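Notes follow the structure.
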Amino acid sequence: MIRLEDLTKTFETPNGVVVAADKVNMEVPTGEICILLGPSGCGKTTALKMINRLIQPTSGKIYINGEDTSKLNDIEHRRKIGYVIQQIGLFPNMTIEENICVVPKLLGWDMKKARTRAAELLDLVGLDAKQFLKRYPKELSGGQQQRVGVIRALAADPPVMLMDEPFGAIDPINREIIQDEFLKMQAELKKTIMFVSHDIDEAVKMGDKVAIFRAGRIEQYDSPDQILAHPANPFVADFVGADRTLKRLRLVSAEEVADADAPVAARSAKVADLSQRLSSAGARIAVIIDSDHHPVGYVTLDEIAGATGSVAEFAHPLPATVPIRADLRAVVSEMFAHDTMWLACTDDTGRYAGVVSQPAVTAALRATYTDADAA
Ligand SMILES: Nc1ncnc2c1ncn2[C@@H]1O[C@H](COP(=O)(O)OP(=O)(O)OP(=O)(O)O)[C@@H](O)[C@H]1O
Ligand SMILES: [Mg+2]
């Protein structure tokens, strides 16, 4: 756990005093990712540097796992912390392998163990160890260097990670990929992480909690959903953007709102039976499934009411299906693309897994508003 207590930093400059951190109080529980988010110059890097003792706080305290860090010496302190700096900062005269092994070497690790670890970590972030271990930083792209910066901080397996815009130099597509890789890694490693970002989308995706900073102060510290649903003030609302409701869609999976018991029918079923079944269930559509339980079409009650024949004769093709694991942003995007109020969902094997509808999506968004308002 990281706990900051009234952490303050003022810089004396020829033009007066700059307050880079103003009585910052916050707690990051063990194993969680906290995103420090805010405009340029609001004090994010200063906060990280104070935690890593690269900057001496003017006043206030930093506790790591309950221990007042001002009582530890720098070496003891930094051993517990992996730091990814904003400018990547690989040593240009060292190979990638040497760069990754810097801290393990300082800690007196056996070099064979350190080198094995370097190769494993490279593979973990999608860089072929054979190709990259012996190269120098200037022989890597900016994004590749940034990945090395991240794994260098992980090399000695510290419980705490401080990451200053770790994916800032990576293009949007690869950024999504490396964010996903990082989250997978975190699910196993469960580090306690302070992660600086400018980017609200990155914050919502990566953060268990998000702290929004302005001019050295925390304006709001909350879960991403709470920040999007209930911005504490106009500054936060403005910072997270007018599309904040759309951003919340990303935090909910189709599975959470899908109706898994929505009616289904086989192609050979009789429409007379089906219309009765739909009427008594209060449903207006049935998804047609094949013998392997794959969704293959649908029928509407309006069209089959009072009719005779088999379901196959009244079948419409499905405009699209969505994976049940998809987030609601992807689902709603498909709904708009196909001008439909509902979509059939599939599981990992392509089998029918329920129906997600626009009213269910809006209800889910409303539910969070109400829960929080009641609290
Ligand atoms: N050594 C220093 N001397 C004087 N002022 C400083 C010093 N370091 C930082 N500052 C000032 O402190 C404030 C916070 O800077 P900091 O680098 O923490 O911002 P940041 O939120 O990380 O910004 P960015 O998103 O641009 O990286 C800024 O106004 C900056 O100019
Ligand atoms: Mg910064």
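Following the order of the structure tokens, first chain is A, next is B, and so on, with residues numbered from 1 inside each chain and ligands from 1 in the order they appear.
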(request) Please identify the residues whose atoms come within 10 Å of ligand 1, using only C-alpha atoms and all ligand atoms, and report them as a VMD selection string. (result) chain A and resid 9 to 21 36 to 50 55 86 to 87 164 to 165 196 to 198 213 to 216
File of the preceding selection, C-alpha atoms, as a JSON list (two decimals), in the first residue's frame:
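Saved the output as selection08.json:
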```
[["chain", "number", "residue", "atom", "x", "y", "z"],
["A", 9, "LYS", "CA", 6.27, 20.50, -2.69],
["A", 10, "THR", "CA", 7.02, 24.13, -3.41],
["A", 11, "PHE", "CA", 9.72, 25.31, -5.81],
["A", 12, "GLU", "CA", 11.32, 28.73, -5.35],
["A", 13, "THR", "CA", 11.79, 30.28, -8.77],
["A", 14, "PRO", "CA", 12.99, 33.77, -9.80],
["A", 15, "ASN", "CA", 9.33, 34.54, -10.59],
["A", 16, "GLY", "CA", 8.03, 33.42, -7.23],
["A", 17, "VAL", "CA", 6.92, 30.22, -5.56],
["A", 18, "VAL", "CA", 5.46, 27.33, -7.59],
["A", 19, "VAL", "CA", 3.29, 24.94, -5.59],
["A", 20, "ALA", "CA", 3.69, 21.65, -7.49],
["A", 21, "ALA", "CA", 1.97, 19.54, -4.81],
["A", 36, "LEU", "CA", -2.69, 10.23, -11.70],
["A", 37, "LEU", "CA", -4.49, 12.21, -14.36],
["A", 38, "GLY", "CA", -4.43, 15.89, -15.16],
["A", 39, "PRO", "CA", -3.26, 18.61, -17.51],
["A", 40, "SER", "CA", 0.40, 19.37, -18.17],
["A", 41, "GLY", "CA", 2.13, 21.01, -15.23],
["A", 42, "CYS", "CA", -0.42, 19.94, -12.60],
["A", 43, "GLY", "CA", 2.25, 18.10, -10.56],
["A", 44, "LYS", "CA", 2.01, 14.44, -11.58],
["A", 45, "THR", "CA", 5.71, 13.86, -12.19],
["A", 46, "THR", "CA", 6.59, 15.81, -9.05],
["A", 47, "ALA", "CA", 4.38, 13.49, -6.98],
["A", 48, "LEU", "CA", 6.06, 10.37, -8.42],
["A", 49, "LYS", "CA", 9.53, 11.80, -7.96],
["A", 50, "MET", "CA", 8.82, 12.56, -4.31],
["A", 55, "ILE", "CA", 12.71, 15.18, -5.17],
["A", 86, "GLN", "CA", 8.63, 9.97, -18.56],
["A", 87, "GLN", "CA", 11.52, 10.22, -21.06],
["A", 164, "ASP", "CA", 5.26, 8.17, -15.70],
["A", 165, "GLU", "CA", 3.34, 8.12, -18.99],
["A", 196, "VAL", "CA", 0.69, 8.92, -14.66],
["A", 197, "SER", "CA", -1.36, 9.68, -17.74],
["A", 198, "HIS", "CA", -2.77, 12.60, -19.73],
["A", 213, "PHE", "CA", -5.10, 16.73, -10.34],
["A", 214, "ARG", "CA", -5.22, 20.44, -10.92],
["A", 215, "ALA", "CA", -2.43, 22.78, -9.90],
["A", 216, "GLY", "CA", -0.96, 20.42, -7.32]]
```
(request) With a distance cut-off of 12 Å and only C-alpha atoms, select the neighbouring residues of Lys105 of chain A, excluding the residue or stretch itself and same-chain residues fewer than 6 positions from it, and output the selection as a ChimeraX atom specification. (result) /A:79,97-99,111-115,117-118,152,155-156
Export of prior selection with N, CA and C atoms as a PDB file, in the first residue's frame:
```pdb
ATOM      1  N   ARG A  79      14.793  -0.086  -3.615  1.00  0.00           N
ATOM      2  CA  ARG A  79      14.733  -1.519  -3.868  1.00  0.00           C
ATOM      3  C   ARG A  79      13.275  -1.984  -3.979  1.00  0.00           C
ATOM      4  N   GLU A  97      19.879  -5.819 -22.891  1.00  0.00           N
ATOM      5  CA  GLU A  97      20.044  -6.761 -21.775  1.00  0.00           C
ATOM      6  C   GLU A  97      20.686  -6.087 -20.567  1.00  0.00           C
ATOM      7  N   GLU A  98      21.750  -5.315 -20.829  1.00  0.00           N
ATOM      8  CA  GLU A  98      22.422  -4.629 -19.709  1.00  0.00           C
ATOM      9  C   GLU A  98      21.488  -3.614 -19.046  1.00  0.00           C
ATOM     10  N   ASN A  99      20.702  -2.923 -19.890  1.00  0.00           N
ATOM     11  CA  ASN A  99      19.740  -1.964 -19.341  1.00  0.00           C
ATOM     12  C   ASN A  99      18.758  -2.646 -18.395  1.00  0.00           C
ATOM     13  N   MET A 111      24.138 -13.182 -12.094  1.00  0.00           N
ATOM     14  CA  MET A 111      23.938 -12.589 -13.413  1.00  0.00           C
ATOM     15  C   MET A 111      23.198 -13.522 -14.374  1.00  0.00           C
ATOM     16  N   LYS A 112      23.387 -14.845 -14.138  1.00  0.00           N
ATOM     17  CA  LYS A 112      22.693 -15.779 -15.014  1.00  0.00           C
ATOM     18  C   LYS A 112      21.177 -15.661 -14.809  1.00  0.00           C
ATOM     19  N   LYS A 113      20.794 -15.558 -13.541  1.00  0.00           N
ATOM     20  CA  LYS A 113      19.375 -15.399 -13.201  1.00  0.00           C
ATOM     21  C   LYS A 113      18.833 -14.088 -13.785  1.00  0.00           C
ATOM     22  N   ALA A 114      19.641 -13.027 -13.684  1.00  0.00           N
ATOM     23  CA  ALA A 114      19.210 -11.714 -14.181  1.00  0.00           C
ATOM     24  C   ALA A 114      19.008 -11.761 -15.692  1.00  0.00           C
ATOM     25  N   ARG A 115      19.949 -12.436 -16.386  1.00  0.00           N
ATOM     26  CA  ARG A 115      19.834 -12.492 -17.856  1.00  0.00           C
ATOM     27  C   ARG A 115      18.635 -13.326 -18.294  1.00  0.00           C
ATOM     28  N   ARG A 117      15.901 -13.651 -16.657  1.00  0.00           N
ATOM     29  CA  ARG A 117      14.753 -12.788 -16.367  1.00  0.00           C
ATOM     30  C   ARG A 117      14.576 -11.748 -17.480  1.00  0.00           C
ATOM     31  N   ALA A 118      15.688 -11.152 -17.941  1.00  0.00           N
ATOM     32  CA  ALA A 118      15.615 -10.134 -19.002  1.00  0.00           C
ATOM     33  C   ALA A 118      14.961 -10.730 -20.250  1.00  0.00           C
ATOM     34  N   ARG A 152      12.279  -2.882 -17.629  1.00  0.00           N
ATOM     35  CA  ARG A 152      13.440  -2.633 -16.780  1.00  0.00           C
ATOM     36  C   ARG A 152      12.975  -2.351 -15.354  1.00  0.00           C
ATOM     37  N   ALA A 155      12.146  -5.579 -13.590  1.00  0.00           N
ATOM     38  CA  ALA A 155      13.155  -6.642 -13.585  1.00  0.00           C
ATOM     39  C   ALA A 155      13.409  -7.219 -12.201  1.00  0.00           C
ATOM     40  N   ALA A 156      13.525  -6.366 -11.199  1.00  0.00           N
ATOM     41  CA  ALA A 156      13.878  -6.871  -9.873  1.00  0.00           C
ATOM     42  C   ALA A 156      12.635  -7.225  -9.063  1.00  0.00           C
TER      43      ALA A 156
END
```
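Those residues that approach Cys34 of chain A to within 8 Å, counting only C-alpha atoms, are Val28, Ile193, Met194, Phe195, Gly207, Asp208, Lys209, Val210 and Ala211 of chain A; same-chain residues fewer than 3 positions away are not listed.
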(message) If we count only C-alpha atoms and set the cut-off at 8 Å, which residues sit around Leu278 of chain A, ignoring sequence neighbours fewer than 5 positions away in its own chain? Please answer as a ChimeraX atom specification.
(response) /A:263,283-286,301
Output N, CA and C atoms of each residue in that selection to a file, as an mmCIF file, in the first residue's frame.
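Writing done, so here's part16.cif:
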```
data_model
loop_
_atom_site.group_PDB
_atom_site.id
_atom_site.type_symbol
_atom_site.label_atom_id
_atom_site.label_comp_id
_atom_site.auth_asym_id
_atom_site.auth_seq_id
_atom_site.Cartn_x
_atom_site.Cartn_y
_atom_site.Cartn_z
ATOM 1 N N PRO A 263 -35.808 -15.722 -25.379
ATOM 2 C CA PRO A 263 -36.313 -16.919 -26.058
ATOM 3 C C PRO A 263 -35.506 -17.293 -27.308
ATOM 4 N N ALA A 283 -42.296 -11.545 -24.607
ATOM 5 C CA ALA A 283 -41.157 -11.256 -25.492
ATOM 6 C C ALA A 283 -41.653 -10.979 -26.909
ATOM 7 N N ARG A 284 -40.884 -10.228 -27.678
ATOM 8 C CA ARG A 284 -41.315 -9.872 -29.034
ATOM 9 C C ARG A 284 -40.454 -10.500 -30.120
ATOM 10 N N ILE A 285 -39.355 -11.093 -29.730
ATOM 11 C CA ILE A 285 -38.489 -11.735 -30.729
ATOM 12 C C ILE A 285 -37.985 -13.075 -30.172
ATOM 13 N N ALA A 286 -37.577 -13.937 -31.093
ATOM 14 C CA ALA A 286 -36.865 -15.152 -30.684
ATOM 15 C C ALA A 286 -35.658 -15.300 -31.601
ATOM 16 N N LEU A 301 -42.506 -11.610 -33.160
ATOM 17 C CA LEU A 301 -43.866 -12.022 -32.786
ATOM 18 C C LEU A 301 -44.896 -11.406 -33.746
#
```
(request) Check the DSSP output for the backbone and give back, as a VMD selection string, the residues of segment 87-281 of chain A in helix (DSSP H, G or I). (result) chain A and resid 96 to 100 102 to 106 111 to 124 129 to 132 137 to 139 142 to 154 172 to 189 200 to 206 224 to 229 234 to 240 244 to 251 254 to 257 271 to 281
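Residues in contact with Met94 of chain A at 10 Å, where only C-alpha atoms are counted and same-chain residues fewer than 3 positions away are skipped, are listed as Leu90, Phe91, Glu97, Glu98, Asn99, Ile100, Val102, Lys134, Arg135, Tyr136 and Pro137 of chain A.
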(message) Which residues are close to segment 343-358 of chain A, i.e. within 12 Å by only C-alpha atoms, leaving aside same-chain residues fewer than 3 positions away? Reply as a PyMOL selection string.
(response) chain A and resi 249+253-265+283+285-298+317-340+361-365
Could you write out the selected residues, including C-alpha atoms, as a PDB file, in the first residue's frame?
```pdb
ATOM      1  CA  LEU A 249     -19.802   2.017 -21.740  1.00  0.00           C
ATOM      2  CA  SER A 253     -19.289  -5.977 -20.492  1.00  0.00           C
ATOM      3  CA  ALA A 254     -22.179  -7.259 -22.591  1.00  0.00           C
ATOM      4  CA  GLU A 255     -22.375 -10.212 -20.205  1.00  0.00           C
ATOM      5  CA  GLU A 256     -23.392  -7.938 -17.336  1.00  0.00           C
ATOM      6  CA  VAL A 257     -26.486  -6.635 -19.119  1.00  0.00           C
ATOM      7  CA  ALA A 258     -27.364  -9.464 -21.526  1.00  0.00           C
ATOM      8  CA  ASP A 259     -30.592 -11.387 -21.064  1.00  0.00           C
ATOM      9  CA  ALA A 260     -29.297 -14.962 -21.087  1.00  0.00           C
ATOM     10  CA  ASP A 261     -32.846 -16.364 -20.995  1.00  0.00           C
ATOM     11  CA  ALA A 262     -34.157 -14.486 -24.030  1.00  0.00           C
ATOM     12  CA  PRO A 263     -36.313 -16.919 -26.058  1.00  0.00           C
ATOM     13  CA  VAL A 264     -34.742 -19.131 -28.708  1.00  0.00           C
ATOM     14  CA  ALA A 265     -36.280 -21.437 -31.281  1.00  0.00           C
ATOM     15  CA  ALA A 283     -41.157 -11.256 -25.492  1.00  0.00           C
ATOM     16  CA  ILE A 285     -38.489 -11.735 -30.729  1.00  0.00           C
ATOM     17  CA  ALA A 286     -36.865 -15.152 -30.684  1.00  0.00           C
ATOM     18  CA  VAL A 287     -33.345 -15.921 -31.821  1.00  0.00           C
ATOM     19  CA  ILE A 288     -33.118 -18.947 -34.087  1.00  0.00           C
ATOM     20  CA  ILE A 289     -30.383 -21.384 -33.150  1.00  0.00           C
ATOM     21  CA  ASP A 290     -29.005 -24.340 -35.078  1.00  0.00           C
ATOM     22  CA  SER A 291     -28.330 -27.795 -33.669  1.00  0.00           C
ATOM     23  CA  ASP A 292     -24.930 -26.616 -32.372  1.00  0.00           C
ATOM     24  CA  HIS A 293     -26.581 -23.729 -30.530  1.00  0.00           C
ATOM     25  CA  HIS A 294     -25.165 -21.105 -32.924  1.00  0.00           C
ATOM     26  CA  PRO A 295     -27.425 -18.097 -33.521  1.00  0.00           C
ATOM     27  CA  VAL A 296     -28.471 -18.097 -37.179  1.00  0.00           C
ATOM     28  CA  GLY A 297     -31.416 -15.685 -37.439  1.00  0.00           C
ATOM     29  CA  TYR A 298     -34.481 -14.331 -35.717  1.00  0.00           C
ATOM     30  CA  PRO A 317     -30.830 -13.009 -40.915  1.00  0.00           C
ATOM     31  CA  LEU A 318     -29.091 -11.502 -37.865  1.00  0.00           C
ATOM     32  CA  PRO A 319     -27.514  -8.155 -38.782  1.00  0.00           C
ATOM     33  CA  ALA A 320     -24.514  -8.976 -36.554  1.00  0.00           C
ATOM     34  CA  THR A 321     -23.579 -10.821 -33.403  1.00  0.00           C
ATOM     35  CA  VAL A 322     -21.293  -9.624 -30.606  1.00  0.00           C
ATOM     36  CA  PRO A 323     -19.016 -11.574 -28.273  1.00  0.00           C
ATOM     37  CA  ILE A 324     -20.536 -11.705 -24.793  1.00  0.00           C
ATOM     38  CA  ARG A 325     -17.154 -10.575 -23.429  1.00  0.00           C
ATOM     39  CA  ALA A 326     -17.191  -7.377 -25.514  1.00  0.00           C
ATOM     40  CA  ASP A 327     -17.590  -4.098 -23.667  1.00  0.00           C
ATOM     41  CA  LEU A 328     -20.736  -2.043 -24.186  1.00  0.00           C
ATOM     42  CA  ARG A 329     -18.889   0.530 -26.254  1.00  0.00           C
ATOM     43  CA  ALA A 330     -18.240  -2.119 -28.905  1.00  0.00           C
ATOM     44  CA  VAL A 331     -21.814  -3.393 -28.566  1.00  0.00           C
ATOM     45  CA  VAL A 332     -23.428   0.024 -28.936  1.00  0.00           C
ATOM     46  CA  SER A 333     -21.159   0.803 -31.847  1.00  0.00           C
ATOM     47  CA  GLU A 334     -22.454  -2.343 -33.623  1.00  0.00           C
ATOM     48  CA  MET A 335     -26.035  -1.387 -32.764  1.00  0.00           C
ATOM     49  CA  PHE A 336     -25.599   1.997 -34.402  1.00  0.00           C
ATOM     50  CA  ALA A 337     -23.783   0.530 -37.383  1.00  0.00           C
ATOM     51  CA  HIS A 338     -26.673  -1.874 -38.033  1.00  0.00           C
ATOM     52  CA  ASP A 339     -29.492   0.417 -36.865  1.00  0.00           C
ATOM     53  CA  THR A 340     -30.808  -2.169 -34.444  1.00  0.00           C
ATOM     54  CA  VAL A 361     -27.707  -0.730 -21.795  1.00  0.00           C
ATOM     55  CA  THR A 362     -29.405   2.478 -20.657  1.00  0.00           C
ATOM     56  CA  ALA A 363     -30.714   0.737 -17.550  1.00  0.00           C
ATOM     57  CA  ALA A 364     -27.170  -0.346 -16.650  1.00  0.00           C
ATOM     58  CA  LEU A 365     -25.890   3.201 -16.980  1.00  0.00           C
TER      59      LEU A 365
END
```
(request) Compile the contact shell of Lys270 of chain A as a ChimeraX atom specification: residues with an atom at most 7 Å away, counting only C-alpha atoms, same-chain residues fewer than 6 positions apart removed. (result) /A:309-311
(request) Select, from A:Lys61, A:Arg147, A:Arg277, A:Lys23, the residue with the minimum atom-to-atom distance to Ile96 of chain A, counting only C-alpha atoms. (result)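 Closest candidate: A:Arg147.
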(request) Quote the spacing between atom CA of Asp22 of chain A and atom CA of Leu162 of chain A in Å to one decimal place. (result) 19.7 Å
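The two atoms in question, atom CA of Met185 of chain A and atom CA of Lys247 of chain A, are spaced 24.0 Å apart.
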(request) Quick one: pull the distance between atom CA of Pro159 of chain A and atom CA of Lys80 of chain A, Å, one decimal. (result) 5.9 Å
